[in-house]
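Engineer: Enclosed is the structure file protein34.pdb (PDB, N, CA and C atoms).
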```pdb
ATOM      1  N   MET A   1      31.889  27.540 -21.702
ATOM      2  CA  MET A   1      31.331  26.207 -21.696
ATOM      3  C   MET A   1      32.278  25.261 -22.425
ATOM      4  N   PRO A   2      33.250  24.714 -21.732
ATOM      5  CA  PRO A   2      34.174  23.794 -22.378
ATOM      6  C   PRO A   2      33.493  22.495 -22.809
ATOM      7  N   LEU A   3      33.791  22.096 -24.037
ATOM      8  CA  LEU A   3      33.448  20.766 -24.526
ATOM      9  C   LEU A   3      34.777  20.058 -24.734
ATOM     10  N   ILE A   4      35.033  19.038 -23.941
ATOM     11  CA  ILE A   4      36.303  18.327 -23.993
ATOM     12  C   ILE A   4      36.036  16.970 -24.627
ATOM     13  N   ASP A   5      36.634  16.754 -25.792
ATOM     14  CA  ASP A   5      36.402  15.546 -26.585
ATOM     15  C   ASP A   5      37.675  14.713 -26.574
ATOM     16  N   ILE A   6      37.605  13.507 -26.007
ATOM     17  CA  ILE A   6      38.767  12.650 -25.843
ATOM     18  C   ILE A   6      38.579  11.390 -26.682
ATOM     19  N   SER A   7      39.552  11.076 -27.509
ATOM     20  CA  SER A   7      39.581   9.799 -28.216
ATOM     21  C   SER A   7      40.646   8.943 -27.558
ATOM     22  N   ILE A   8      40.282   7.695 -27.254
ATOM     23  CA  ILE A   8      41.191   6.797 -26.566
ATOM     24  C   ILE A   8      40.956   5.382 -27.091
ATOM     25  N   ALA A   9      42.013   4.611 -27.170
ATOM     26  CA  ALA A   9      41.881   3.224 -27.617
ATOM     27  C   ALA A   9      41.024   2.444 -26.621
ATOM     28  N   LYS A  10      40.188   1.592 -27.136
ATOM     29  CA  LYS A  10      39.314   0.767 -26.311
ATOM     30  C   LYS A  10      40.140  -0.123 -25.393
ATOM     31  N   GLY A  11      39.602  -0.423 -24.227
ATOM     32  CA  GLY A  11      40.275  -1.367 -23.348
ATOM     33  C   GLY A  11      40.394  -0.918 -21.910
ATOM     34  N   ARG A  12      39.931   0.283 -21.589
ATOM     35  CA  ARG A  12      39.987   0.742 -20.198
ATOM     36  C   ARG A  12      38.758   0.256 -19.447
ATOM     37  N   THR A  13      38.898   0.126 -18.153
ATOM     38  CA  THR A  13      37.764  -0.270 -17.319
ATOM     39  C   THR A  13      36.850   0.942 -17.121
ATOM     40  N   PRO A  14      35.592   0.687 -16.740
ATOM     41  CA  PRO A  14      34.704   1.803 -16.419
ATOM     42  C   PRO A  14      35.279   2.700 -15.322
ATOM     43  N   GLU A  15      35.979   2.097 -14.384
ATOM     44  CA  GLU A  15      36.578   2.886 -13.294
ATOM     45  C   GLU A  15      37.685   3.804 -13.828
ATOM     46  N   GLN A  16      38.486   3.310 -14.749
ATOM     47  CA  GLN A  16      39.540   4.140 -15.348
ATOM     48  C   GLN A  16      38.937   5.291 -16.145
ATOM     49  N   LEU A  17      37.892   4.999 -16.905
ATOM     50  CA  LEU A  17      37.245   6.060 -17.685
ATOM     51  C   LEU A  17      36.605   7.095 -16.767
ATOM     52  N   ARG A  18      36.010   6.639 -15.674
ATOM     53  CA  ARG A  18      35.400   7.573 -14.720
ATOM     54  C   ARG A  18      36.463   8.464 -14.090
ATOM     55  N   ALA A  19      37.615   7.878 -13.765
ATOM     56  CA  ALA A  19      38.715   8.657 -13.188
ATOM     57  C   ALA A  19      39.233   9.685 -14.201
ATOM     58  N   LEU A  20      39.293   9.311 -15.464
ATOM     59  CA  LEU A  20      39.716  10.241 -16.506
ATOM     60  C   LEU A  20      38.744  11.410 -16.607
ATOM     61  N   ILE A  21      37.451  11.109 -16.631
ATOM     62  CA  ILE A  21      36.437  12.172 -16.676
ATOM     63  C   ILE A  21      36.599  13.103 -15.485
ATOM     64  N   ASP A  22      36.739  12.532 -14.299
ATOM     65  CA  ASP A  22      36.876  13.338 -13.086
ATOM     66  C   ASP A  22      38.109  14.239 -13.148
ATOM     67  N   GLY A  23      39.243  13.656 -13.565
ATOM     68  CA  GLY A  23      40.478  14.440 -13.625
ATOM     69  C   GLY A  23      40.409  15.573 -14.633
ATOM     70  N   VAL A  24      39.894  15.283 -15.818
ATOM     71  CA  VAL A  24      39.786  16.315 -16.856
ATOM     72  C   VAL A  24      38.809  17.407 -16.416
ATOM     73  N   HIS A  25      37.713  16.993 -15.815
ATOM     74  CA  HIS A  25      36.708  17.941 -15.326
ATOM     75  C   HIS A  25      37.330  18.905 -14.299
ATOM     76  N   ARG A  26      38.046  18.335 -13.338
ATOM     77  CA  ARG A  26      38.685  19.168 -12.313
ATOM     78  C   ARG A  26      39.693  20.133 -12.905
ATOM     79  N   VAL A  27      40.491  19.656 -13.858
ATOM     80  CA  VAL A  27      41.498  20.521 -14.486
ATOM     81  C   VAL A  27      40.824  21.673 -15.230
ATOM     82  N   ALA A  28      39.719  21.408 -15.893
ATOM     83  CA  ALA A  28      39.003  22.480 -16.596
ATOM     84  C   ALA A  28      38.493  23.527 -15.604
ATOM     85  N   GLU A  29      37.998  23.074 -14.474
ATOM     86  CA  GLU A  29      37.552  24.017 -13.441
ATOM     87  C   GLU A  29      38.717  24.870 -12.947
ATOM     88  N   GLU A  30      39.842  24.215 -12.655
ATOM     89  CA  GLU A  30      40.976  24.901 -12.043
ATOM     90  C   GLU A  30      41.727  25.803 -13.008
ATOM     91  N   THR A  31      41.870  25.394 -14.259
ATOM     92  CA  THR A  31      42.736  26.145 -15.179
ATOM     93  C   THR A  31      42.030  27.238 -15.954
ATOM     94  N   VAL A  32      40.754  27.023 -16.293
ATOM     95  CA  VAL A  32      40.059  28.054 -17.070
ATOM     96  C   VAL A  32      38.862  28.634 -16.325
ATOM     97  N   GLY A  33      38.679  28.208 -15.089
ATOM     98  CA  GLY A  33      37.612  28.768 -14.268
ATOM     99  C   GLY A  33      36.215  28.397 -14.741
ATOM    100  N   ALA A  34      36.084  27.270 -15.430
ATOM    101  CA  ALA A  34      34.776  26.857 -15.920
ATOM    102  C   ALA A  34      33.902  26.400 -14.764
ATOM    103  N   ALA A  35      32.632  26.749 -14.840
ATOM    104  CA  ALA A  35      31.674  26.278 -13.844
ATOM    105  C   ALA A  35      31.407  24.795 -14.101
ATOM    106  N   SER A  36      31.346  24.028 -13.030
ATOM    107  CA  SER A  36      31.205  22.586 -13.145
ATOM    108  C   SER A  36      30.038  22.184 -14.038
ATOM    109  N   GLU A  37      28.909  22.843 -13.880
ATOM    110  CA  GLU A  37      27.707  22.482 -14.650
ATOM    111  C   GLU A  37      27.821  22.814 -16.134
ATOM    112  N   ASN A  38      28.836  23.579 -16.512
ATOM    113  CA  ASN A  38      29.025  23.946 -17.913
ATOM    114  C   ASN A  38      30.075  23.107 -18.633
ATOM    115  N   ILE A  39      30.677  22.170 -17.957
ATOM    116  CA  ILE A  39      31.732  21.348 -18.552
ATOM    117  C   ILE A  39      31.123  20.063 -19.101
ATOM    118  N   THR A  40      31.414  19.786 -20.362
ATOM    119  CA  THR A  40      30.991  18.541 -20.994
ATOM    120  C   THR A  40      32.233  17.765 -21.394
ATOM    121  N   VAL A  41      32.280  16.494 -21.009
ATOM    122  CA  VAL A  41      33.394  15.621 -21.376
ATOM    123  C   VAL A  41      32.813  14.459 -22.182
ATOM    124  N   VAL A  42      33.369  14.236 -23.375
ATOM    125  CA  VAL A  42      32.957  13.131 -24.232
ATOM    126  C   VAL A  42      34.168  12.228 -24.430
ATOM    127  N   ILE A  43      33.989  10.937 -24.179
ATOM    128  CA  ILE A  43      35.058   9.977 -24.433
ATOM    129  C   ILE A  43      34.621   9.071 -25.570
ATOM    130  N   ARG A  44      35.454   9.006 -26.589
ATOM    131  CA  ARG A  44      35.197   8.126 -27.724
ATOM    132  C   ARG A  44      36.220   6.991 -27.660
ATOM    133  N   GLU A  45      35.722   5.786 -27.498
ATOM    134  CA  GLU A  45      36.608   4.621 -27.458
ATOM    135  C   GLU A  45      36.739   4.063 -28.869
ATOM    136  N   ILE A  46      37.958   3.952 -29.332
ATOM    137  CA  ILE A  46      38.238   3.531 -30.693
ATOM    138  C   ILE A  46      38.745   2.084 -30.688
ATOM    139  N   GLU A  47      38.190   1.281 -31.575
ATOM    140  CA  GLU A  47      38.654  -0.094 -31.727
ATOM    141  C   GLU A  47      40.122  -0.111 -32.132
ATOM    142  N   HIS A  48      40.859  -1.087 -31.688
ATOM    143  CA  HIS A  48      42.294  -1.171 -31.984
ATOM    144  C   HIS A  48      42.567  -1.293 -33.482
ATOM    145  N   GLU A  49      41.640  -1.872 -34.208
ATOM    146  CA  GLU A  49      41.802  -1.998 -35.664
ATOM    147  C   GLU A  49      41.555  -0.686 -36.387
ATOM    148  N   HIS A  50      40.974   0.287 -35.705
ATOM    149  CA  HIS A  50      40.618   1.563 -36.319
ATOM    150  C   HIS A  50      41.556   2.699 -35.923
ATOM    151  N   TRP A  51      42.615   2.395 -35.196
ATOM    152  CA  TRP A  51      43.546   3.428 -34.717
ATOM    153  C   TRP A  51      44.928   3.095 -35.259
ATOM    154  N   SER A  52      45.453   4.010 -36.049
ATOM    155  CA  SER A  52      46.744   3.760 -36.687
ATOM    156  C   SER A  52      47.697   4.913 -36.415
ATOM    157  N   ARG A  53      48.949   4.557 -36.215
ATOM    158  CA  ARG A  53      50.028   5.545 -36.120
ATOM    159  C   ARG A  53      51.199   4.939 -36.875
ATOM    160  N   GLY A  54      51.811   5.726 -37.729
ATOM    161  CA  GLY A  54      52.932   5.214 -38.500
ATOM    162  C   GLY A  54      52.517   4.082 -39.426
ATOM    163  N   ASN A  55      51.279   4.139 -39.914
ATOM    164  CA  ASN A  55      50.724   3.151 -40.840
ATOM    165  C   ASN A  55      50.626   1.761 -40.238
ATOM    166  N   THR A  56      50.536   1.680 -38.912
ATOM    167  CA  THR A  56      50.358   0.412 -38.224
ATOM    168  C   THR A  56      49.273   0.585 -37.173
ATOM    169  N   THR A  57      48.291  -0.312 -37.179
ATOM    170  CA  THR A  57      47.230  -0.199 -36.186
ATOM    171  C   THR A  57      47.698  -0.729 -34.831
ATOM    172  N   ILE A  58      46.967  -0.374 -33.815
ATOM    173  CA  ILE A  58      47.260  -0.891 -32.479
ATOM    174  C   ILE A  58      47.156  -2.417 -32.493
ATOM    175  N   ALA A  59      46.159  -2.936 -33.169
ATOM    176  CA  ALA A  59      45.976  -4.395 -33.248
ATOM    177  C   ALA A  59      47.164  -5.062 -33.922
ATOM    178  N   GLU A  60      47.685  -4.462 -34.988
ATOM    179  CA  GLU A  60      48.834  -5.031 -35.669
ATOM    180  C   GLU A  60      50.072  -5.016 -34.776
ATOM    181  N   ARG A  61      50.267  -3.924 -34.056
ATOM    182  CA  ARG A  61      51.416  -3.855 -33.149
ATOM    183  C   ARG A  61      51.291  -4.901 -32.049
ATOM    184  N   ALA A  62      50.091  -5.074 -31.524
ATOM    185  CA  ALA A  62      49.877  -6.059 -30.447
ATOM    186  C   ALA A  62      50.113  -7.479 -30.937
ATOM    187  N   SER A  63      49.716  -7.751 -32.168
ATOM    188  CA  SER A  63      49.870  -9.118 -32.683
ATOM    189  C   SER A  63      51.334  -9.463 -32.953
ATOM    190  N   ARG A  64      52.183  -8.468 -33.120
ATOM    191  CA  ARG A  64      53.613  -8.696 -33.355
ATOM    192  C   ARG A  64      54.380  -9.002 -32.083
ATOM    193  N   ARG A  65      53.780  -8.691 -30.948
ATOM    194  CA  ARG A  65      54.469  -8.893 -29.667
ATOM    195  C   ARG A  65      54.495 -10.324 -29.259
TER     196      ARG A  65
END
```
Show this structure as structure tokens.

Structural biologist:
Amino acid sequence: MPLIDISIAKGRTPEQLRALIDGVHRVAEETVGAASENITVVIREIEHEHWSRGNTTIAERASRR
């Protein structure tokens, strides 16, 4: 029973998120033989101010552009 937990920066459309769920779901079926009804996909959308890499948030990087 795979539980696939994805964190992604906020800003994708519902269609993009749906495509991501579909793609990850299919890969889990194909690669580990998981039954479709046993696959759970959770997407956590993170605010740009709450996501940092290299001590700089996504919002800070965007504001510098």

Engineer: From (32.3, 21.1, -24.3), in the file's coordinates, out to 9 Å: which residues are reached, counting only C-alpha atoms? Answer as a CSV table (one decimal) with N, CA and C atoms, in the frame of the given file.

Structural biologist:
```csv
chain,number,residue,atom,x,y,z
A,1,MET,N,31.9,27.5,-21.7
A,1,MET,CA,31.3,26.2,-21.7
A,1,MET,C,32.3,25.3,-22.4
A,2,PRO,N,33.2,24.7,-21.7
A,2,PRO,CA,34.2,23.8,-22.4
A,2,PRO,C,33.5,22.5,-22.8
A,3,LEU,N,33.8,22.1,-24.0
A,3,LEU,CA,33.4,20.8,-24.5
A,3,LEU,C,34.8,20.1,-24.7
A,4,ILE,N,35.0,19.0,-23.9
A,4,ILE,CA,36.3,18.3,-24.0
A,4,ILE,C,36.0,17.0,-24.6
A,5,ASP,N,36.6,16.8,-25.8
A,5,ASP,CA,36.4,15.5,-26.6
A,5,ASP,C,37.7,14.7,-26.6
A,38,ASN,N,28.8,23.6,-16.5
A,38,ASN,CA,29.0,23.9,-17.9
A,38,ASN,C,30.1,23.1,-18.6
A,39,ILE,N,30.7,22.2,-18.0
A,39,ILE,CA,31.7,21.3,-18.6
A,39,ILE,C,31.1,20.1,-19.1
A,40,THR,N,31.4,19.8,-20.4
A,40,THR,CA,31.0,18.5,-21.0
A,40,THR,C,32.2,17.8,-21.4
A,41,VAL,N,32.3,16.5,-21.0
A,41,VAL,CA,33.4,15.6,-21.4
A,41,VAL,C,32.8,14.5,-22.2
A,42,VAL,N,33.4,14.2,-23.4
A,42,VAL,CA,33.0,13.1,-24.2
A,42,VAL,C,34.2,12.2,-24.4
```

Engineer: What is the distance between atom C of A:Glu60 and atom N of A:Ile8, in Å to one decimal?

Structural biologist: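 Taking atom C of A:Glu60 as the start and atom N of A:Ile8 as the end point, the length is 17.7 Å.
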
Engineer: Have a look at atom C of A:Ile43 and atom C of A:Ile6 and let me know their distance in Å, one decimal.

Structural biologist: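 Spanning atom C of A:Ile43 to atom C of A:Ile6 is a straight-line distance of 4.7 Å.
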
Engineer: Give the answer as one residue: which of A:Ala62, A:Glu49, A:Ala34, A:Thr56 has the shortest atom-to-atom distance to A:Lys10, using only C-alpha atoms?

Structural biologist: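 With only C-alpha atoms as the atom set, the closest residue is A:Glu49.
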
Engineer: Can you list, as a PyMOL selection string, all residues belonging to chain A that DSSP tags as alpha helix (DSSP H)?

Structural biologist: chain A and resi 14-32+58-64

Engineer: Around stretch 39-49 of chain A, fit a box with edges along x, y and z, padding it by 8 Å on each side, then list its centre and edge lengths in Å to one decimal as AutoDock Vina command-line options.

Structural biologist:
```
--center_x 36.6 --center_y 10.1 --center_z -27.2 --size_x 27.9 --size_y 40.2 --size_z 34.4
```

Engineer: So what do you get for atom C of A:Gln16 versus atom CA of A:Ala28, distance-wise?

Structural biologist: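 These two atoms are separated by 17.2 Å.
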
Engineer: List the spatial neighbours of A:Ile58 as a PyMOL selection string - criterion: any atom at most 9 Å away, only C-alpha atoms, same-chain residues fewer than 3 positions off excluded.

Structural biologist: chain A and resi 9+47-53+61-63

Engineer: Name the residues of chain A that come out as strand (DSSP E) in a backbone DSSP run; write them as number ranges by chain.

Structural biologist: A: 3-9, 40-46, 52-53, 56-57

Engineer: Can I get the selected residues back with N, CA and C atoms, as a PDB file, keeping the file's coordinate frame?

Structural biologist:
```pdb
ATOM      1  N   LEU A   3      33.791  22.096 -24.037  1.00  0.00           N
ATOM      2  CA  LEU A   3      33.448  20.766 -24.526  1.00  0.00           C
ATOM      3  C   LEU A   3      34.777  20.058 -24.734  1.00  0.00           C
ATOM      4  N   ILE A   4      35.033  19.038 -23.941  1.00  0.00           N
ATOM      5  CA  ILE A   4      36.303  18.327 -23.993  1.00  0.00           C
ATOM      6  C   ILE A   4      36.036  16.970 -24.627  1.00  0.00           C
ATOM      7  N   ASP A   5      36.634  16.754 -25.792  1.00  0.00           N
ATOM      8  CA  ASP A   5      36.402  15.546 -26.585  1.00  0.00           C
ATOM      9  C   ASP A   5      37.675  14.713 -26.574  1.00  0.00           C
ATOM     10  N   ILE A   6      37.605  13.507 -26.007  1.00  0.00           N
ATOM     11  CA  ILE A   6      38.767  12.650 -25.843  1.00  0.00           C
ATOM     12  C   ILE A   6      38.579  11.390 -26.682  1.00  0.00           C
ATOM     13  N   SER A   7      39.552  11.076 -27.509  1.00  0.00           N
ATOM     14  CA  SER A   7      39.581   9.799 -28.216  1.00  0.00           C
ATOM     15  C   SER A   7      40.646   8.943 -27.558  1.00  0.00           C
ATOM     16  N   ILE A   8      40.282   7.695 -27.254  1.00  0.00           N
ATOM     17  CA  ILE A   8      41.191   6.797 -26.566  1.00  0.00           C
ATOM     18  C   ILE A   8      40.956   5.382 -27.091  1.00  0.00           C
ATOM     19  N   ALA A   9      42.013   4.611 -27.170  1.00  0.00           N
ATOM     20  CA  ALA A   9      41.881   3.224 -27.617  1.00  0.00           C
ATOM     21  C   ALA A   9      41.024   2.444 -26.621  1.00  0.00           C
ATOM     22  N   THR A  40      31.414  19.786 -20.362  1.00  0.00           N
ATOM     23  CA  THR A  40      30.991  18.541 -20.994  1.00  0.00           C
ATOM     24  C   THR A  40      32.233  17.765 -21.394  1.00  0.00           C
ATOM     25  N   VAL A  41      32.280  16.494 -21.009  1.00  0.00           N
ATOM     26  CA  VAL A  41      33.394  15.621 -21.376  1.00  0.00           C
ATOM     27  C   VAL A  41      32.813  14.459 -22.182  1.00  0.00           C
ATOM     28  N   VAL A  42      33.369  14.236 -23.375  1.00  0.00           N
ATOM     29  CA  VAL A  42      32.957  13.131 -24.232  1.00  0.00           C
ATOM     30  C   VAL A  42      34.168  12.228 -24.430  1.00  0.00           C
ATOM     31  N   ILE A  43      33.989  10.937 -24.179  1.00  0.00           N
ATOM     32  CA  ILE A  43      35.058   9.977 -24.433  1.00  0.00           C
ATOM     33  C   ILE A  43      34.621   9.071 -25.570  1.00  0.00           C
ATOM     34  N   ARG A  44      35.454   9.006 -26.589  1.00  0.00           N
ATOM     35  CA  ARG A  44      35.197   8.126 -27.724  1.00  0.00           C
ATOM     36  C   ARG A  44      36.220   6.991 -27.660  1.00  0.00           C
ATOM     37  N   GLU A  45      35.722   5.786 -27.498  1.00  0.00           N
ATOM     38  CA  GLU A  45      36.608   4.621 -27.458  1.00  0.00           C
ATOM     39  C   GLU A  45      36.739   4.063 -28.869  1.00  0.00           C
ATOM     40  N   ILE A  46      37.958   3.952 -29.332  1.00  0.00           N
ATOM     41  CA  ILE A  46      38.238   3.531 -30.693  1.00  0.00           C
ATOM     42  C   ILE A  46      38.745   2.084 -30.688  1.00  0.00           C
ATOM     43  N   SER A  52      45.453   4.010 -36.049  1.00  0.00           N
ATOM     44  CA  SER A  52      46.744   3.760 -36.687  1.00  0.00           C
ATOM     45  C   SER A  52      47.697   4.913 -36.415  1.00  0.00           C
ATOM     46  N   ARG A  53      48.949   4.557 -36.215  1.00  0.00           N
ATOM     47  CA  ARG A  53      50.028   5.545 -36.120  1.00  0.00           C
ATOM     48  C   ARG A  53      51.199   4.939 -36.875  1.00  0.00           C
ATOM     49  N   THR A  56      50.536   1.680 -38.912  1.00  0.00           N
ATOM     50  CA  THR A  56      50.358   0.412 -38.224  1.00  0.00           C
ATOM     51  C   THR A  56      49.273   0.585 -37.173  1.00  0.00           C
ATOM     52  N   THR A  57      48.291  -0.312 -37.179  1.00  0.00           N
ATOM     53  CA  THR A  57      47.230  -0.199 -36.186  1.00  0.00           C
ATOM     54  C   THR A  57      47.698  -0.729 -34.831  1.00  0.00           C
TER      55      THR A  57
END
```
